[in-house]
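Pasting data-v9.pdb here (PDB, C-alpha atoms and all ligand atoms):
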```pdb
ATOM      1  CA  MET E 174       0.000   0.000   0.000
ATOM      2  CA  ASP E 175       1.331   3.401  -0.944
ATOM      3  CA  ARG E 176       0.414   5.116   2.271
ATOM      4  CA  HIS E 177       1.967   8.332   3.469
ATOM      5  CA  LEU E 178       3.958   7.359   6.548
ATOM      6  CA  PRO E 179       5.202   9.486   9.411
ATOM      7  CA  GLN E 180       8.895  10.336   9.569
ATOM      8  CA  PRO E 181      10.410   9.709  13.001
ATOM      9  CA  THR E 182      12.173  12.715  14.485
ATOM     10  CA  PRO E 183      14.456  12.773  17.545
ATOM     11  CA  GLU E 184      11.400  13.712  19.610
ATOM     12  CA  THR E 185       9.150  10.947  18.286
ATOM     13  CA  ARG E 186      11.662   8.152  17.692
ATOM     14  CA  HIS E 187      10.931   6.455  21.033
ATOM     15  CA  PHE E 188       7.270   6.267  20.081
ATOM     16  CA  TRP E 189       7.902   4.668  16.679
ATOM     17  CA  GLU E 190      10.462   2.246  18.097
ATOM     18  CA  GLY E 191       7.819   1.230  20.639
ATOM     19  CA  CYS E 192       5.210   0.651  17.938
ATOM     20  CA  LYS E 193       7.676  -1.474  16.007
ATOM     21  CA  ALA E 194       8.222  -3.535  19.171
ATOM     22  CA  GLY E 195       4.470  -3.860  19.706
ATOM     23  CA  GLU E 196       4.404  -1.433  22.611
ATOM     24  CA  LEU E 197       2.491   1.827  22.920
ATOM     25  CA  ARG E 198       4.855   4.305  24.594
ATOM     26  CA  LEU E 199       3.662   7.500  26.211
ATOM     27  CA  GLN E 200       5.504  10.172  28.100
ATOM     28  CA  ARG E 201       4.880  11.299  31.648
ATOM     29  CA  CYS E 202       5.974  14.336  33.603
ATOM     30  CA  THR E 203       7.932  13.382  36.692
ATOM     31  CA  ALA E 204       7.088  16.753  38.298
ATOM     32  CA  CYS E 205       3.260  16.745  38.024
ATOM     33  CA  ARG E 206       2.747  13.072  36.955
ATOM     34  CA  GLN E 207       0.657  14.026  33.917
ATOM     35  CA  ALA E 208       0.784  11.476  31.078
ATOM     36  CA  TYR E 209       0.632  12.982  27.610
ATOM     37  CA  PHE E 210       0.643  12.392  23.873
ATOM     38  CA  PRO E 211       1.879  13.227  21.239
ATOM     39  CA  PRO E 212       5.587  13.047  22.105
ATOM     40  CA  ARG E 213       7.341  16.283  23.044
ATOM     41  CA  PRO E 214      10.316  17.096  25.246
ATOM     42  CA  PHE E 215       8.391  19.078  27.861
ATOM     43  CA  CYS E 216       5.211  18.619  29.880
ATOM     44  CA  PRO E 217       2.156  20.283  28.259
ATOM     45  CA  ALA E 218       0.622  20.819  31.723
ATOM     46  CA  CYS E 219       3.470  22.451  33.644
ATOM     47  CA  ALA E 220       6.238  22.913  31.009
ATOM     48  CA  SER E 221       8.699  20.858  33.061
ATOM     49  CA  ARG E 222      11.402  19.138  31.027
ATOM     50  CA  GLU E 223      11.614  16.360  33.609
ATOM     51  CA  VAL E 224       9.732  13.816  31.512
ATOM     52  CA  GLU E 225      10.063  10.077  31.031
ATOM     53  CA  VAL E 226       8.877   7.475  28.536
ATOM     54  CA  PHE E 227       6.781   4.585  29.804
ATOM     55  CA  PRO E 228       4.828   1.716  28.220
ATOM     56  CA  ALA E 229       1.078   2.307  28.201
ATOM     57  CA  SER E 230      -1.406  -0.449  28.919
ATOM     58  CA  GLY E 231      -2.725  -0.295  25.353
ATOM     59  CA  LYS E 232      -6.254  -0.066  26.718
ATOM     60  CA  ALA E 233      -8.550   2.719  25.609
ATOM     61  CA  SER E 234     -12.177   3.643  25.106
ATOM     62  CA  LEU E 235     -13.888   5.117  22.069
ATOM     63  CA  TYR E 236     -14.357   8.844  22.522
ATOM     64  CA  SER E 237     -15.640   9.896  19.099
ATOM     65  CA  TYR E 238     -15.379   8.932  15.452
ATOM     66  CA  VAL E 239     -16.509   9.573  11.927
ATOM     67  CA  ILE E 240     -16.909   6.947   9.219
ATOM     68  CA  ASN E 241     -15.139   7.996   6.072
ATOM     69  CA  HIS E 242     -17.062   6.583   3.115
ATOM     70  CA  ARG E 243     -14.731   8.082   0.514
ATOM     71  CA  PRO E 244     -11.241   7.104   1.675
ATOM     72  CA  ARG E 245      -8.120   8.602   0.196
ATOM     73  CA  PRO E 246      -6.641   6.279  -2.453
ATOM     74  CA  ASP E 247      -3.874   5.213  -0.079
ATOM     75  CA  MET E 248      -6.415   4.129   2.541
ATOM     76  CA  GLY E 249      -8.023   1.437   0.377
ATOM     77  CA  SER E 250     -11.539   1.483  -1.031
ATOM     78  CA  GLU E 251     -13.572   0.407   1.999
ATOM     79  CA  PRO E 252     -15.257   2.803   4.414
ATOM     80  CA  HIS E 253     -13.177   3.180   7.549
ATOM     81  CA  SER E 254     -13.469   4.943  10.849
ATOM     82  CA  ILE E 255     -11.345   7.878  11.903
ATOM     83  CA  ALA E 256     -11.571   7.853  15.654
ATOM     84  CA  VAL E 257     -10.391   9.608  18.760
ATOM     85  CA  VAL E 258      -9.778   7.247  21.654
ATOM     86  CA  THR E 259      -9.136   8.017  25.302
ATOM     87  CA  LEU E 260      -6.192   6.001  26.549
ATOM     88  CA  GLU E 261      -6.436   4.385  29.953
ATOM     89  CA  GLU E 262      -3.614   6.702  31.084
ATOM     90  CA  GLY E 263      -5.627   9.794  30.094
ATOM     91  CA  PRO E 264      -4.301  11.201  26.790
ATOM     92  CA  ARG E 265      -6.419  11.084  23.641
ATOM     93  CA  MET E 266      -5.119   9.762  20.346
ATOM     94  CA  MET E 267      -6.406   9.925  16.785
ATOM     95  CA  THR E 268      -6.449   6.487  15.168
ATOM     96  CA  ASN E 269      -8.521   4.017  13.182
ATOM     97  CA  ILE E 270     -10.749   1.343  14.696
ATOM     98  CA  VAL E 271     -10.093  -2.028  13.104
ATOM     99  CA  GLY E 272     -11.314  -5.582  13.579
ATOM    100  CA  CYS E 273     -15.032  -4.795  13.516
ATOM    101  CA  PRO E 274     -17.638  -3.570  11.024
ATOM    102  CA  GLN E 275     -17.219   0.118  10.232
ATOM    103  CA  THR E 276     -20.801   0.947  11.134
ATOM    104  CA  PRO E 277     -22.492   3.032  13.854
ATOM    105  CA  GLU E 278     -24.026  -0.219  15.157
ATOM    106  CA  ALA E 279     -20.602  -1.761  15.777
ATOM    107  CA  LEU E 280     -18.883   1.416  16.951
ATOM    108  CA  ALA E 281     -20.417   2.331  20.290
ATOM    109  CA  LEU E 282     -19.068   5.329  22.153
ATOM    110  CA  ASP E 283     -17.124   4.367  25.288
ATOM    111  CA  MET E 284     -16.657   0.800  24.037
ATOM    112  CA  PRO E 285     -13.471  -0.776  25.437
ATOM    113  CA  LEU E 286     -10.617  -1.008  22.953
ATOM    114  CA  GLU E 287      -7.103  -2.385  22.843
ATOM    115  CA  VAL E 288      -4.156  -1.380  20.735
ATOM    116  CA  THR E 289      -2.940  -3.420  17.773
ATOM    117  CA  PHE E 290      -0.080  -2.608  15.418
ATOM    118  CA  GLN E 291       0.223  -2.934  11.653
ATOM    119  CA  SER E 292       3.619  -2.788  10.030
ATOM    120  CA  PHE E 293       3.874  -0.486   6.993
ATOM    121  CA  SER E 294       7.651  -0.296   6.557
ATOM    122  CA  ASP E 295      10.891  -1.388   8.238
ATOM    123  CA  GLU E 296      10.646   1.658  10.453
ATOM    124  CA  ILE E 297       6.953   2.380  10.836
ATOM    125  CA  SER E 298       4.201   0.358  12.436
ATOM    126  CA  LEU E 299       1.017   2.296  13.057
ATOM    127  CA  PRO E 300      -1.082   1.868  16.197
ATOM    128  CA  PHE E 301      -4.749   1.081  15.610
ATOM    129  CA  PHE E 302      -7.418   0.053  18.086
ATOM    130  CA  GLN E 303      -9.750  -2.924  18.023
ATOM    131  CA  PRO E 304     -12.614  -3.998  20.288
ATOM    132  CA  ALA E 305     -11.145  -5.368  23.516
ATOM    133  CA  LYS E 306     -11.404  -9.134  23.838
ATOM    134  CA  GLY E 307     -13.053 -10.391  26.984
TER     135      GLY E 307
HETATM  136 ZN    ZN E 401       4.108  18.454  34.384
END
```
Is it possible to express this structure as structure tokens?
Amino acid sequence: MDRHLPQPTPETRHFWEGCKAGELRLQRCTACRQAYFPPRPFCPACASREVEVFPASGKASLYSYVINHRPRPDMGSEPHSIAVVTLEEGPRMMTNIVGCPQTPEALALDMPLEVTFQSFSDEISLPFFQPAKG
């Protein structure tokens, strides 16, 4: 698939290396304990630079979504959801919901989700979310 892929930068490399290893990595401020996303070298809550990377649980819930019925050519020809999920640790992330019908009936707000990764290149695996099992 000829999909436009993100380019890791020094600030985001830890995140992409985590995805490649099958691990969702967030950052957390060691001063105020706020977890945040996307990656950046300072805390968005208190601007402290005392931040650390940690592995997230991969659990999330569906916050909102739209179903795109006319995908870009590099997204295939099927309707797909563009969603915002709330991670268990607090931050929200834009993603796609996979592993279920792309219909309002199947996509219930607040439904429990879990992360899954799809490899698109040697360097880039993208995090998607699927309905949580069990
Ligand atoms: Zn902070």
Test item: the PyMOL selection byres (((chain E and resi 220-225) around 9) and not hetatm) resolved as a list in words: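 The output of the PyMOL selection byres (((chain E and resi 220-225) around 9) and not hetatm) on this file is Leu199, Gln200, Arg201, Cys202, Thr203, Ala204, Cys205, Arg206, Pro214, Phe215, Cys216, Pro217, Ala218, Cys219, Val226 and Phe227 of chain E.
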Mind pulling up the distance from CA of Thr185 (chain E) to CA of Ala229 (chain E)? 15.4 Å
Residues at most 10 Å from Gly191 (chain E), counting all atoms listed in the file, excluding those fewer than 4 positions away in the same chain, as a compact mmCIF listing (two decimals) with C-alpha atoms, keeping the file's coordinate frame?
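Saved file out_25.txt follows:
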```
# COMPACT_ATOMS: atom_id res chain seq x y z
CA ARG E 186 11.66 8.15 17.69
CA HIS E 187 10.93 6.46 21.03
CA GLY E 195 4.47 -3.86 19.71
CA GLU E 196 4.40 -1.43 22.61
CA LEU E 197 2.49 1.83 22.92
CA ARG E 198 4.86 4.30 24.59
CA LEU E 199 3.66 7.50 26.21
CA PHE E 227 6.78 4.58 29.80
CA PRO E 228 4.83 1.72 28.22
CA ILE E 297 6.95 2.38 10.84
CA SER E 298 4.20 0.36 12.44
CA PRO E 300 -1.08 1.87 16.20
```
What would the selection look like, as an MDAnalysis selection string, if the PyMOL selection byres (((chain E and resi 277) around 12) and not hetatm) were run on the coordinates I just shared? chainID E and resid 237:241 252:254 270 273:276 278:282 284
Please evaluate the PyMOL selection byres (((chain E and resi 178) around 8) and not hetatm) against the displayed coordinates and give the resulting residues as a list in words.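 That selection, the PyMOL selection byres (((chain E and resi 178) around 8) and not hetatm), comes back as Arg176, His177, Pro179, Gln180, Phe293 and Ile297 of chain E.
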For ligand ZN 401 (chain E), which residue out of E:Gln207, E:Phe188, E:Pro183, E:Val258 is the nearest one, using all atoms listed in the file?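 Using all atoms listed in the file, the shortest distance to ligand ZN 401 (chain E) belongs to E:Gln207.
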Using all atoms listed in the file, find the one residue out of E:Pro244, E:Ala208, E:Gly263, E:Gly249 that sits nearest to ligand ZN 401 (chain E).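 Ranked by minimum distance to ligand ZN 401 (chain E), first place goes to E:Ala208.
CA of Gln303 (chain E) is found 9.9 Å from CA of Leu235 (chain E).
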Quick one: pull the distance between CA of Glu184 (chain E) and CA of Pro212 (chain E), Å, one decimal.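 Those two atoms sit 6.4 Å apart.
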Which polymer residues, protein or nucleic acid, are no farther than 7 Å from (6.0, -2.0, 12.3), counting all atoms listed in the file, as a list in words?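 Every polymer residue passing the test: Cys192, Lys193, Phe290, Gln291, Ser292, Phe293, Ser294, Asp295, Glu296, Ile297, Ser298 and Leu299 of chain E.
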Emit the selected residues as an mmCIF file, keeping the file's coordinate frame, including C-alpha atoms.
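Output contents, as saved in result-v6.cif:
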```
data_model
loop_
_atom_site.group_PDB
_atom_site.id
_atom_site.type_symbol
_atom_site.label_atom_id
_atom_site.label_comp_id
_atom_site.auth_asym_id
_atom_site.auth_seq_id
_atom_site.Cartn_x
_atom_site.Cartn_y
_atom_site.Cartn_z
ATOM 1 C CA CYS E 192 5.210 0.651 17.938
ATOM 2 C CA LYS E 193 7.676 -1.474 16.007
ATOM 3 C CA PHE E 290 -0.080 -2.608 15.418
ATOM 4 C CA GLN E 291 0.223 -2.934 11.653
ATOM 5 C CA SER E 292 3.619 -2.788 10.030
ATOM 6 C CA PHE E 293 3.874 -0.486 6.993
ATOM 7 C CA SER E 294 7.651 -0.296 6.557
ATOM 8 C CA ASP E 295 10.891 -1.388 8.238
ATOM 9 C CA GLU E 296 10.646 1.658 10.453
ATOM 10 C CA ILE E 297 6.953 2.380 10.836
ATOM 11 C CA SER E 298 4.201 0.358 12.436
ATOM 12 C CA LEU E 299 1.017 2.296 13.057
#
```
Using all atoms listed in the file, pick whichever of E:Arg213, E:Ala233, E:Glu262, E:Trp189 has the shortest atom-to-atom distance to Pro304 (chain E). E:Ala233
Among listed residues E:Ser230, E:Phe302, E:Glu190, E:Tyr236, nearest Arg265 (chain E) (using only C-alpha atoms):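 With only C-alpha atoms as the atom set, the closest residue is E:Tyr236.
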Take the point (-8.8, 11.1, 16.2) in the file's coordinates, draw a sphere of radius 6 Å around it, and report as a PyMOL selection string every protein, DNA or RNA residue with an atom inside or on it, counting all atoms listed in the file. chain E and resi 255-257+266-268
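Among the candidates E:Ala305, E:Glu251, E:Pro181, E:Ser234, the one nearest to Glu287 (chain E) when counting all atoms listed in the file is E:Ala305.
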Using only C-alpha atoms and all ligand atoms: which of E:Arg245, E:Lys232, E:Tyr209, E:Pro285 has the shortest distance to ligand ZN 401 (chain E):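 Checking each candidate against ligand ZN 401 (chain E), we get E:Tyr209 as the closest.
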